Structures are given as structure tokens and as C-alpha cells.
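Colleague: Sharing my_file-v7.cif (mmCIF, C-alpha atoms) below.
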```cif
data_my_file
#
loop_
_atom_site.label_atom_id
_atom_site.label_comp_id
_atom_site.auth_asym_id
_atom_site.auth_seq_id
_atom_site.Cartn_x
_atom_site.Cartn_y
_atom_site.Cartn_z
CA MET A 1131 10.17 18.04 31.87
CA SER A 1132 9.92 14.75 33.79
CA THR A 1133 12.97 12.68 34.69
CA GLU A 1134 11.80 9.99 32.28
CA THR A 1135 11.56 12.46 29.40
CA ARG A 1136 14.96 13.92 30.21
CA ASN A 1137 16.57 10.47 30.04
CA GLN A 1138 15.00 9.51 26.74
CA PRO A 1139 17.11 9.94 23.63
CA THR A 1140 15.79 12.69 21.41
CA ILE A 1141 15.14 12.37 17.70
CA PHE A 1142 14.72 15.45 15.57
CA LEU A 1143 12.38 14.37 12.78
CA VAL A 1144 12.10 16.38 9.57
CA GLU A 1145 9.05 15.01 7.77
CA GLU A 1146 7.14 17.02 5.21
CA ASP A 1147 4.36 14.53 4.51
CA ASP A 1148 1.22 15.15 6.53
CA ASP A 1149 0.15 11.48 6.40
CA THR A 1150 3.49 10.02 7.42
CA ARG A 1151 4.38 12.49 10.14
CA PRO A 1152 1.76 11.34 12.70
CA ILE A 1153 2.57 7.63 12.44
CA LEU A 1154 6.32 8.22 12.54
CA LYS A 1155 5.96 10.47 15.56
CA ARG A 1156 3.67 8.00 17.37
CA ASN A 1157 5.90 5.04 16.64
CA LEU A 1158 9.10 6.84 17.60
CA ARG A 1159 7.57 7.77 20.91
CA SER A 1160 6.45 4.20 21.48
CA TYR A 1161 10.03 3.12 20.74
CA GLY A 1162 11.11 5.26 23.69
CA TYR A 1163 12.22 8.47 22.03
CA ARG A 1164 11.42 12.07 22.68
CA VAL A 1165 10.47 13.53 19.28
CA LEU A 1166 11.05 17.02 17.99
CA LEU A 1167 9.39 17.86 14.69
CA ALA A 1168 10.04 20.05 11.69
CA LEU A 1169 7.96 20.19 8.56
CA ASP A 1170 10.75 20.78 6.06
CA GLU A 1171 14.31 22.13 5.72
CA GLU A 1172 13.30 25.74 6.22
CA ASP A 1173 11.30 24.91 9.31
CA ALA A 1174 14.14 22.78 10.66
CA LEU A 1175 16.75 25.50 10.18
CA GLU A 1176 14.50 27.98 11.88
CA ARG A 1177 13.95 25.67 14.84
CA VAL A 1178 17.64 24.94 15.39
CA GLY A 1179 18.82 28.47 14.61
CA ASP A 1180 19.68 29.41 18.15
CA GLY A 1181 21.65 26.22 18.75
CA LEU A 1182 19.51 25.30 21.74
CA LEU A 1183 17.52 22.45 20.20
CA LYS A 1184 19.40 19.34 21.21
CA ALA A 1185 18.92 15.96 19.64
CA ASP A 1186 20.69 12.63 19.67
CA LEU A 1187 19.79 11.77 16.11
CA LEU A 1188 18.50 13.58 13.06
CA LEU A 1189 15.94 11.68 10.98
CA VAL A 1190 15.02 13.15 7.60
CA ASN A 1191 12.30 12.04 5.19
CA LEU A 1192 11.93 14.33 2.19
CA VAL A 1193 10.92 13.44 -1.35
CA GLY A 1194 11.26 15.08 -4.71
CA ARG A 1195 15.05 15.16 -4.31
CA THR A 1196 17.85 12.68 -4.76
CA THR A 1197 19.21 10.86 -1.74
CA ASP A 1198 22.42 12.88 -2.02
CA GLU A 1199 20.43 16.11 -1.94
CA VAL A 1200 18.58 15.00 1.16
CA LEU A 1201 21.86 14.01 2.80
CA GLN A 1202 23.20 17.52 2.09
CA ILE A 1203 20.07 19.03 3.62
CA GLY A 1204 20.46 16.87 6.71
CA ARG A 1205 24.10 17.86 7.06
CA ARG A 1206 23.20 21.54 6.75
CA ILE A 1207 20.62 21.18 9.50
CA ARG A 1208 23.07 19.32 11.71
CA GLU A 1209 25.74 21.99 11.19
CA HIS A 1210 23.30 24.83 11.73
CA ALA A 1211 22.15 23.20 14.95
CA LYS A 1212 25.75 22.98 16.12
CA TYR A 1213 25.26 19.30 16.92
CA ASN A 1214 28.13 17.12 17.86
CA GLY A 1215 29.79 15.95 14.64
CA HIS A 1216 29.02 12.40 15.66
CA THR A 1217 25.28 13.00 15.88
CA PRO A 1218 23.84 10.39 13.53
CA LEU A 1219 21.96 11.50 10.47
CA VAL A 1220 19.49 9.01 9.00
CA VAL A 1221 17.87 9.67 5.65
CA ILE A 1222 14.81 7.59 4.72
CA ALA A 1223 15.01 6.81 1.01
CA GLU A 1224 11.83 6.83 -1.07
CA LYS A 1225 12.44 5.58 -4.58
CA TYR A 1226 14.45 2.36 -4.70
CA GLY A 1227 14.37 -1.13 -6.07
CA MET A 1228 14.06 -4.49 -4.41
CA ASP A 1229 17.82 -4.96 -4.65
CA VAL A 1230 18.40 -2.52 -1.77
CA GLU A 1231 15.17 -3.00 0.15
CA GLY A 1232 15.74 -3.87 3.77
CA THR A 1233 19.26 -2.42 3.90
CA ASP A 1234 20.79 0.36 5.96
CA VAL A 1235 23.79 1.95 4.29
CA ASN A 1236 26.45 3.86 6.20
CA VAL A 1237 27.38 6.41 3.52
CA SER A 1238 30.04 8.20 5.56
CA GLY A 1239 30.90 8.88 9.18
CA ASN A 1240 27.65 8.69 11.04
CA ASP A 1241 25.47 9.37 8.00
CA TRP A 1242 23.07 6.66 6.99
CA VAL A 1243 20.51 5.96 4.30
CA THR A 1244 17.82 3.44 5.14
CA TYR A 1245 15.89 1.61 2.44
CA LEU A 1246 12.92 0.51 4.48
CA GLU A 1247 11.12 -2.74 3.93
CA GLU A 1248 10.74 -4.85 7.05
CA PRO A 1249 8.64 -3.69 9.99
CA GLY A 1250 11.07 -3.07 12.79
CA GLN A 1251 13.93 -2.11 10.48
CA LEU A 1252 13.81 1.58 11.38
CA LYS A 1253 13.36 0.84 15.07
CA ASN A 1254 16.40 -1.46 15.08
CA LEU A 1255 18.59 1.04 13.20
CA LEU A 1256 17.64 3.92 15.48
CA HIS A 1257 18.29 1.80 18.55
CA ARG A 1258 21.75 0.84 17.26
CA LEU A 1259 22.66 4.43 16.53
CA THR A 1260 21.34 5.94 19.74
CA SER A 1261 22.82 3.22 21.91
CA LYS A 1262 26.39 3.99 20.90
CA PRO A 1263 28.47 5.88 23.43
CA ALA A 1264 29.06 9.54 22.52
CA GLY A 1265 31.94 10.06 20.16
CA GLU A 1266 31.71 6.63 18.55
CA MET B 282 -6.64 -23.13 -0.97
CA THR B 283 -3.67 -25.47 -0.98
CA GLY B 284 -4.18 -28.28 -3.50
CA HIS B 285 -7.25 -26.65 -5.00
CA THR B 286 -7.27 -26.42 -8.80
CA PRO B 287 -8.72 -23.06 -9.83
CA ALA B 288 -12.06 -23.29 -11.59
CA PRO B 289 -14.37 -20.68 -13.17
CA THR B 290 -16.68 -20.80 -10.15
CA ASP B 291 -13.83 -19.49 -7.99
CA ASN B 292 -14.78 -16.15 -9.46
CA GLN B 293 -17.77 -14.93 -7.47
CA LEU B 294 -19.53 -13.37 -10.45
CA LEU B 295 -19.30 -16.52 -12.53
CA ALA B 296 -20.29 -18.59 -9.50
CA HIS B 297 -23.46 -16.55 -9.04
CA LEU B 298 -24.57 -16.99 -12.63
CA PRO B 299 -27.48 -19.38 -13.09
CA GLY B 300 -26.12 -22.66 -14.41
CA GLU B 301 -27.64 -22.40 -17.87
CA GLU B 302 -26.17 -18.95 -18.45
CA ARG B 303 -22.78 -20.10 -17.25
CA GLU B 304 -22.97 -22.96 -19.73
CA LEU B 305 -23.69 -20.49 -22.53
CA LEU B 306 -20.51 -18.68 -21.63
CA ARG B 307 -18.38 -21.75 -21.01
CA PRO B 308 -17.31 -22.39 -24.63
CA HIS B 309 -15.98 -18.84 -24.70
CA MET B 310 -14.03 -19.11 -21.44
CA GLU B 311 -10.26 -19.39 -21.60
CA GLN B 312 -8.44 -20.09 -18.35
CA VAL B 313 -5.16 -18.21 -18.39
CA ARG B 314 -2.17 -17.80 -16.10
CA LEU B 315 -1.29 -14.17 -15.44
CA SER B 316 2.16 -13.08 -14.29
CA HIS B 317 3.13 -10.24 -11.99
CA GLY B 318 3.43 -7.00 -13.93
CA ASP B 319 1.42 -8.15 -16.96
CA THR B 320 -0.65 -5.23 -18.28
CA ILE B 321 -4.01 -6.63 -19.27
CA ILE B 322 -5.76 -3.35 -20.03
CA GLU B 323 -3.84 -0.47 -21.60
CA PRO B 324 -5.07 3.10 -21.20
CA HIS B 325 -6.74 4.65 -24.24
CA VAL B 326 -6.75 1.35 -26.11
CA PRO B 327 -9.99 -0.49 -26.94
CA ILE B 328 -10.49 -3.32 -24.48
CA LYS B 329 -10.46 -6.65 -26.29
CA ASP B 330 -10.76 -9.10 -23.38
CA ILE B 331 -12.60 -9.26 -20.09
CA TYR B 332 -10.88 -10.97 -17.16
CA PHE B 333 -12.54 -12.73 -14.24
CA PRO B 334 -9.82 -13.39 -11.61
CA LEU B 335 -9.84 -16.78 -9.91
CA ASN B 336 -6.95 -16.34 -7.46
CA CYS B 337 -4.95 -13.41 -8.81
CA LEU B 338 -5.20 -9.73 -7.94
CA LEU B 339 -5.41 -7.03 -10.57
CA SER B 340 -4.58 -3.44 -9.88
CA MET B 341 -5.67 -0.17 -11.48
CA VAL B 342 -3.23 2.64 -10.89
CA THR B 343 -3.56 6.34 -11.58
CA THR B 344 -0.29 8.05 -12.49
CA MET B 345 -0.17 11.80 -12.00
CA GLU B 346 1.80 14.26 -14.09
CA ASP B 347 4.58 14.43 -11.51
CA GLY B 348 5.03 10.66 -11.68
CA SER B 349 3.42 9.87 -8.36
CA THR B 350 1.04 6.92 -8.43
CA VAL B 351 -1.94 5.89 -6.39
CA GLU B 352 -3.90 2.72 -6.70
CA SER B 353 -7.40 3.47 -7.91
CA GLY B 354 -8.77 0.04 -7.23
CA SER B 355 -8.05 -3.64 -7.14
CA ILE B 356 -9.96 -6.53 -8.66
CA GLY B 357 -9.91 -10.02 -7.28
CA ARG B 358 -12.14 -13.03 -7.48
CA GLU B 359 -15.13 -10.88 -6.48
CA GLY B 360 -15.14 -9.07 -9.81
CA MET B 361 -14.01 -8.54 -13.35
CA ALA B 362 -11.69 -6.26 -15.30
CA GLY B 363 -13.16 -4.47 -18.30
CA VAL B 364 -16.24 -2.67 -16.92
CA PRO B 365 -15.93 0.16 -19.54
CA VAL B 366 -16.98 -2.35 -22.20
CA LEU B 367 -20.33 -2.89 -20.48
CA LEU B 368 -20.88 0.86 -20.29
CA ASP B 369 -20.24 1.34 -24.03
CA ALA B 370 -17.03 3.21 -23.21
CA SER B 371 -14.78 0.59 -24.86
CA GLU B 372 -11.59 1.99 -23.29
CA THR B 373 -10.37 3.60 -20.08
CA THR B 374 -7.83 6.13 -18.80
CA MET B 375 -6.03 3.80 -16.37
CA PRO B 376 -3.97 0.70 -16.97
CA THR B 377 -4.90 -2.52 -15.24
CA PHE B 378 -2.04 -4.83 -14.43
CA VAL B 379 -1.40 -8.00 -12.50
CA GLN B 380 -0.25 -7.41 -8.95
CA ILE B 381 -0.53 -10.90 -7.51
CA PRO B 382 -0.05 -13.58 -10.17
CA GLY B 383 -2.50 -16.40 -10.63
CA GLU B 384 -5.28 -17.70 -12.81
CA ALA B 385 -8.17 -15.90 -14.46
CA ILE B 386 -10.92 -16.61 -16.92
CA ARG B 387 -10.57 -14.58 -20.09
CA ILE B 388 -13.52 -14.01 -22.42
CA LYS B 389 -13.61 -11.83 -25.53
CA ALA B 390 -15.08 -8.43 -24.69
CA ALA B 391 -17.49 -8.63 -27.63
CA THR B 392 -18.91 -11.91 -26.31
CA VAL B 393 -19.40 -10.56 -22.80
CA LYS B 394 -21.02 -7.41 -24.18
CA GLN B 395 -23.34 -9.40 -26.41
CA MET B 396 -24.50 -11.57 -23.52
CA TYR B 397 -24.83 -8.52 -21.27
CA ASP B 398 -27.00 -6.75 -23.83
CA ARG B 399 -29.35 -9.72 -24.01
CA GLY B 400 -30.48 -8.89 -20.48
CA SER B 401 -31.49 -11.50 -17.86
CA ALA B 402 -29.41 -12.72 -14.93
CA PHE B 403 -26.02 -11.93 -16.44
CA LYS B 404 -26.88 -8.28 -16.91
CA THR B 405 -28.40 -8.00 -13.43
CA LEU B 406 -25.29 -9.57 -11.91
CA LEU B 407 -22.88 -7.30 -13.71
CA ASN B 408 -24.97 -4.19 -13.01
CA ARG B 409 -24.78 -5.02 -9.32
CA TYR B 410 -21.05 -5.45 -9.66
CA ILE B 411 -20.73 -2.06 -11.34
CA HIS B 412 -22.64 -0.62 -8.39
CA THR B 413 -20.14 -2.17 -5.96
CA VAL B 414 -17.29 -0.66 -7.98
CA ILE B 415 -18.87 2.76 -7.50
CA VAL B 416 -19.34 2.06 -3.78
CA VAL B 417 -15.69 1.04 -3.40
CA SER B 418 -14.49 4.13 -5.27
CA SER B 419 -16.67 6.48 -3.26
CA GLN B 420 -15.73 4.86 0.02
CA SER B 421 -12.05 5.02 -0.87
CA VAL B 422 -12.19 8.74 -1.54
CA ALA B 423 -13.55 9.28 1.96
CA CYS B 424 -11.20 6.69 3.46
CA ASN B 425 -8.07 8.29 2.02
CA ARG B 426 -9.21 11.63 3.37
CA VAL B 427 -9.98 10.76 6.96
CA HIS B 428 -8.56 7.42 8.04
CA ASN B 429 -5.06 6.84 9.33
CA ILE B 430 -2.50 4.73 7.52
CA GLU B 431 -2.68 1.74 9.86
CA ALA B 432 -6.46 1.35 9.54
CA ARG B 433 -6.25 1.80 5.77
CA LEU B 434 -3.45 -0.75 5.51
CA ALA B 435 -5.54 -3.23 7.49
CA ARG B 436 -8.44 -2.59 5.11
CA TRP B 437 -6.39 -3.07 1.96
CA LEU B 438 -4.71 -6.20 3.28
CA LEU B 439 -8.11 -7.71 4.01
CA MET B 440 -9.43 -6.72 0.59
CA SER B 441 -6.38 -8.19 -1.12
CA SER B 442 -6.70 -11.37 0.89
CA ASP B 443 -10.41 -11.63 0.00
CA GLY B 444 -9.52 -10.96 -3.62
CA VAL B 445 -7.16 -13.92 -3.93
CA GLY B 446 -8.95 -16.18 -1.47
CA SER B 447 -5.97 -16.66 0.82
CA ASP B 448 -4.69 -15.33 4.14
CA GLU B 449 -1.24 -15.14 2.58
CA VAL B 450 -0.60 -12.51 -0.06
CA ASN B 451 2.53 -11.32 -1.79
CA LEU B 452 2.52 -7.55 -1.91
CA THR B 453 5.75 -5.68 -2.50
CA HIS B 454 6.59 -2.83 -0.18
CA GLU B 455 6.56 -0.46 -3.12
CA TYR B 456 3.09 -1.63 -4.15
CA LEU B 457 1.75 -1.15 -0.63
CA ALA B 458 2.98 2.46 -0.78
CA VAL B 459 1.25 2.94 -4.14
CA MET B 460 -1.88 1.16 -2.89
CA LEU B 461 -2.16 3.45 0.09
CA GLY B 462 -0.81 6.55 -1.63
CA VAL B 463 1.72 7.09 1.16
CA ARG B 464 5.46 7.24 1.65
CA ARG B 465 7.35 4.04 2.13
CA ALA B 466 8.18 5.02 5.70
CA GLY B 467 4.45 5.15 6.35
CA VAL B 468 4.03 1.61 5.02
CA SER B 469 6.86 0.23 7.15
CA GLU B 470 5.67 1.86 10.33
CA ALA B 471 2.01 0.93 9.75
CA ALA B 472 3.04 -2.67 9.07
CA ALA B 473 5.18 -2.56 12.21
CA LYS B 474 2.13 -1.54 14.23
CA LEU B 475 0.01 -4.39 12.82
CA GLN B 476 2.81 -6.88 13.34
CA GLU B 477 3.42 -5.68 16.89
CA LYS B 478 -0.23 -6.49 17.64
CA ASP B 479 0.21 -9.97 16.10
CA LEU B 480 -2.37 -9.22 13.42
CA ILE B 481 -0.01 -9.94 10.54
CA ARG B 482 3.42 -11.24 9.82
CA TYR B 483 5.23 -9.27 7.14
CA ASN B 484 8.44 -10.56 5.69
CA ARG B 485 10.12 -9.62 2.40
CA GLY B 486 6.89 -8.78 0.62
CA ASN B 487 4.93 -11.70 1.98
CA VAL B 488 2.04 -10.82 4.24
CA LEU B 489 0.36 -13.47 6.34
CA ILE B 490 -2.82 -12.57 8.17
CA LEU B 491 -2.49 -14.12 11.61
CA ASP B 492 -5.70 -12.93 13.22
CA ARG B 493 -8.36 -12.05 10.67
CA GLU B 494 -11.04 -11.19 13.20
CA SER B 495 -8.81 -8.75 15.05
CA LEU B 496 -7.51 -7.31 11.79
CA GLN B 497 -11.10 -6.69 10.71
CA ALA B 498 -11.73 -4.93 13.99
CA TYR B 499 -8.61 -2.82 13.42
CA ALA B 500 -9.51 -1.94 9.85
CA CYS B 501 -11.43 1.21 9.14
CA GLU B 502 -15.20 1.08 8.69
CA CYS B 503 -14.76 1.21 4.92
CA TYR B 504 -13.88 -2.48 4.75
CA HIS B 505 -17.15 -3.41 6.43
CA VAL B 506 -19.29 -0.97 4.44
CA VAL B 507 -18.10 -2.44 1.16
CA ARG B 508 -18.26 -6.02 2.33
CA GLU B 509 -21.80 -5.66 3.65
CA GLU B 510 -22.95 -4.08 0.40
CA TYR B 511 -21.39 -6.88 -1.58
CA GLU B 512 -23.06 -9.47 0.63
CA ARG B 513 -26.40 -7.68 0.32
CA LEU B 514 -26.26 -7.86 -3.46
CA PHE B 515 -24.68 -11.26 -3.96
CA SER B 516 -25.86 -13.45 -1.09
#
```
Translate this structure into C-alpha cells?
Modeller:
Amino acid sequence: MSTETRNQPTIFLVEEDDDTRPILKRNLRSYGYRVLLALDEEDALERVGDGLLKADLLLVNLVGRTTDEVLQIGRRIREHAKYNGHTPLVVIAEKYGMDVEGTDVNVSGNDWVTYLEEPGQLKNLLHRLTSKPAGE
Amino acid sequence: MTGHTPAPTDNQLLAHLPGEERELLRPHMEQVRLSHGDTIIEPHVPIKDIYFPLNCLLSMVTTMEDGSTVESGSIGREGMAGVPVLLDASETTMPTFVQIPGEAIRIKAATVKQMYDRGSAFKTLLNRYIHTVIVVSSQSVACNRVHNIEARLARWLLMSSDGVGSDEVNLTHEYLAVMLGVRRAGVSEAAAKLQEKDLIRYNRGNVLILDRESLQAYACECYHVVREEYERLFS
């Protein structure tokens, strides 16, 4: 691993959609992140099972479930991975109205739900969350 | 098109009609204002009116059993809504609704069908249009299968812009996701890529094409295939 890669924050992306995964991965890398991928919850739990997969942020995009359900999944993965309790969890919402579009909601602790609309919104949120000193 | 008052000849099909045939239709034309969300064709209901958009964009959406939706096609000033009437099908399986509000010419389906059945230039014109609908559908099947989201988004933005005759289009984020058949995260990140390259400016559902030539170069080949076929038939 190069020095540059080592110094880059790492995002663990759980994305089950085959169309969305490539563009999210490409964009996250262009934003300066090292990206680890999992296809779904089961895959993610398997990958983090030994507690050796380190990440600075967990980004989860799953559909067919409520936002609360996805938050629970993200928390399970984070716990299973033995991440620092402050490791941010960001859930990308899917079904929502224009009233919440463009907002990032801090649901509790370091758990967030983002209702994407603007280009750059995800990039800005991730930068804010990965720029914070550890423990904040 | 600032300051331009929409007229029937803003619709490309009506514009290409020989003058005398357009005059035959004129008494039957009703210029109407369509609002976002209006459903102008209901599924499984006999189609009563044909619409020729002047500066609005109509959308046909297929809803699957699980509730997911994908846009099947859009109709702007290049075309008409109500093709099943011409094909003696009288109704269709998909709703057509107004995505971008604006003006359209509405003519009773029976009148359009009667004039179509008479033959001559009107029939030839509409047959060619039906052919382009098939080309768009076929190309879209391939496009959705092989092209990435960014190239497809560029294509659809150009098609929507062509459809309303403006470089500025209002397309909600949700609609873009339906149009492309992708997750909303995919829309945001694809739009971010296009914006980063200064091809578009996207802000709260308003898309402004900044560099059409470069956006066309960025779009997948499907945009050009369809456009060239349309130009071949209607130039």
C-alpha cells in the first residue's frame, strides 16, 4: 500500500445496486477516499467478521427497507466490525419527498441519513464527517 | 425561446405538414396549457385526445408489480401522444403524464384517425414518427443494458432539452431517477460528474445545459443514433 493510499480516509460502502456501485466507487475515489466494497449486509458482515477491516466511515445504500431498518443494519455492521463508536454511519435514503430533498439529518450520535438532491451534497457531507478529529 | 408565444408549428410534426393539410386540421386544434403531473392518457382507457407538445414534455412510465418505476419514453415537440389510436389499438398499458408543464395542441383522437386513414402526407408523416418511436424504444433497451449512468443522463438531458426547445429544463431529482431507472444516489453522483465538467448546472430540480456540444460528446451513442434517424426522416 502506497503512502498516499495509507493516508487517505477509508469509506466502507455497502451498495447492492449493480448500476450505482460503480459510479459511487469512482466518485468516492475521485473525492480522495480509499473505498472498500460490500454487496449487501451479509457480504459486509462477512468482510468485517475478523475485525481487521478498518474504515473511517460506513456508507450504506440499500432499498426495499425503511430508513430505520437500514440504520439498524448499518449499526450491526459497525458493531460487528468493532469500529470506534464514533465512526460515522451514513445511510442514503431512497424514497422521499421534495420537503426533505437536499438535507442531511443527524439522527443520533454520529448516525446520519442523507436525502440526496444536489450534486456535491454527498461529497460535502462525507468531507465534513471524515474531517472531524477522532472522538468528536 | 424567451418571449416566444407557442404556436402549432412549434410541434415538429405539425410544422412538417404541407400547409393545406395543416389548414384542414386547424379548426380542430385546441391549444391547451398542461400542468405538471396531469395524466393525459390513462392506462386501459380508450384514448379520446391526441396531444402535440409545443414546449412541454410528456412522460410514459412503466410501473412494475413491486412499485418500482422506469420511464418508457418521453414525448416533446418532436412528436405526439396517442400513437395507439393510429394503430387501431385505441388504448395502451402505460399512463402518459406531464413532466414539464407547458403548451400543447390537442385534437380529438377520432379526427386525427380520420385524417390519418385518408392517406397522403399526414399518414406518411405519422408513420415515420411511429418508426422513430420504435427506434427510440429499441435503442433505449440496449442503452439501459450497456451504457453507464453518466452517459445515459447526458443523453436524457439532451433529449428533454430538445423536447421542450430550451437549454433549461425543470426535472425533479425523483423523476431523473425514474427516467434512468436508477437509484437516487446514482442520479446525484452522475449529475455531480456532469457539473464538475461544466457541462450542466443542476440546482433544486433545474438543469441548465452549459455546453451542449460537449454534453453531446459525453452522451452515449444512442442520442446521436436517434437524432440522425429523426433528421433523415424529417429534414
Colleague: Written as number ranges by chain, which residues does the PyMOL selection byres ((chain A) within 8 of (chain B)) give for the file shown?
Modeller: A: 1147, 1149-1150, 1153-1154, 1157, 1222, 1224, 1246-1250
Colleague: Which one of B:Tyr332, B:Tyr499, B:Tyr410, B:Trp437 sits closest to Phe515 (chain B) if you count all atoms listed in the file?
Modeller: B:Tyr410
Colleague: Evaluate the PyMOL selection byres ((chain B and resi 443) around 10) and record the selected residues as a compact mmCIF listing (two decimals) with C-alpha atoms, in the coordinates of the input, following the chain and residue labels used in the document.
Modeller:
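Saved as out-v1.txt:
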```txt
# COMPACT_ATOMS: atom_id res chain seq x y z
CA ASN B 336 -6.95 -16.34 -7.46
CA LEU B 338 -5.20 -9.73 -7.94
CA GLY B 357 -9.91 -10.02 -7.28
CA ARG B 358 -12.14 -13.03 -7.48
CA GLU B 359 -15.13 -10.88 -6.48
CA TRP B 437 -6.39 -3.07 1.96
CA LEU B 438 -4.71 -6.20 3.28
CA LEU B 439 -8.11 -7.71 4.01
CA MET B 440 -9.43 -6.72 0.59
CA SER B 441 -6.38 -8.19 -1.12
CA SER B 442 -6.70 -11.37 0.89
CA GLY B 444 -9.52 -10.96 -3.62
CA VAL B 445 -7.16 -13.92 -3.93
CA GLY B 446 -8.95 -16.18 -1.47
CA SER B 447 -5.97 -16.66 0.82
CA ASP B 448 -4.69 -15.33 4.14
CA VAL B 450 -0.60 -12.51 -0.06
CA ARG B 508 -18.26 -6.02 2.33
```
Colleague: Could you expand the PyMOL selection byres ((chain A and resi 1189) around 8) into the explicit residues it covers here, written as a ChimeraX atom specification?
Modeller: /A:1141-1144,1187-1188,1190-1191,1219-1222
Colleague: Which value, in Å to one decimal, gives the distance between CA of Tyr504 (chain B) and CA of Leu434 (chain B)?
Modeller: 10.6 Å
Colleague: Go ahead and compute the interatomic distance for CA of Val1237 (chain A) and CA of Asp1170 (chain A), in Å to one decimal.
Modeller: 22.1 Å
Colleague: What's around region 318-320 of chain B at 7 Å? Count only C-alpha atoms, leave out sequence neighbours fewer than 2 positions away in its own chain, and write the answer as a list in words.
Modeller: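 Contacts, with the query itself left out: Leu315, Ser316, Ile322, Glu323, Pro376, Thr377, Phe378, Val379 and Gln380 of chain B.
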Colleague: I'd like to know which of A:Leu1256, A:Val1193, A:Leu1201, A:Ile1207 is closest to Tyr1163 (chain A), using all atoms listed in the file.
Modeller: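 Checking each candidate against Tyr1163 (chain A), we get A:Leu1256 as the closest.
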Colleague: Here's a test: counting only C-alpha atoms, identify every protein, DNA and RNA residue with an atom at most 12 Å from (-5.8, 3.9, -17.9) in the file's coordinate frame, and state them as number ranges by chain.
Modeller: B: 320-328, 340-345, 352-354, 363, 365, 371-378
Colleague: For Ala402 (chain B), please output as a count of residues only all residues within 12 Å (counting all atoms listed in the file; exclusion window: fewer than 4 positions along the same chain).
Modeller: 16
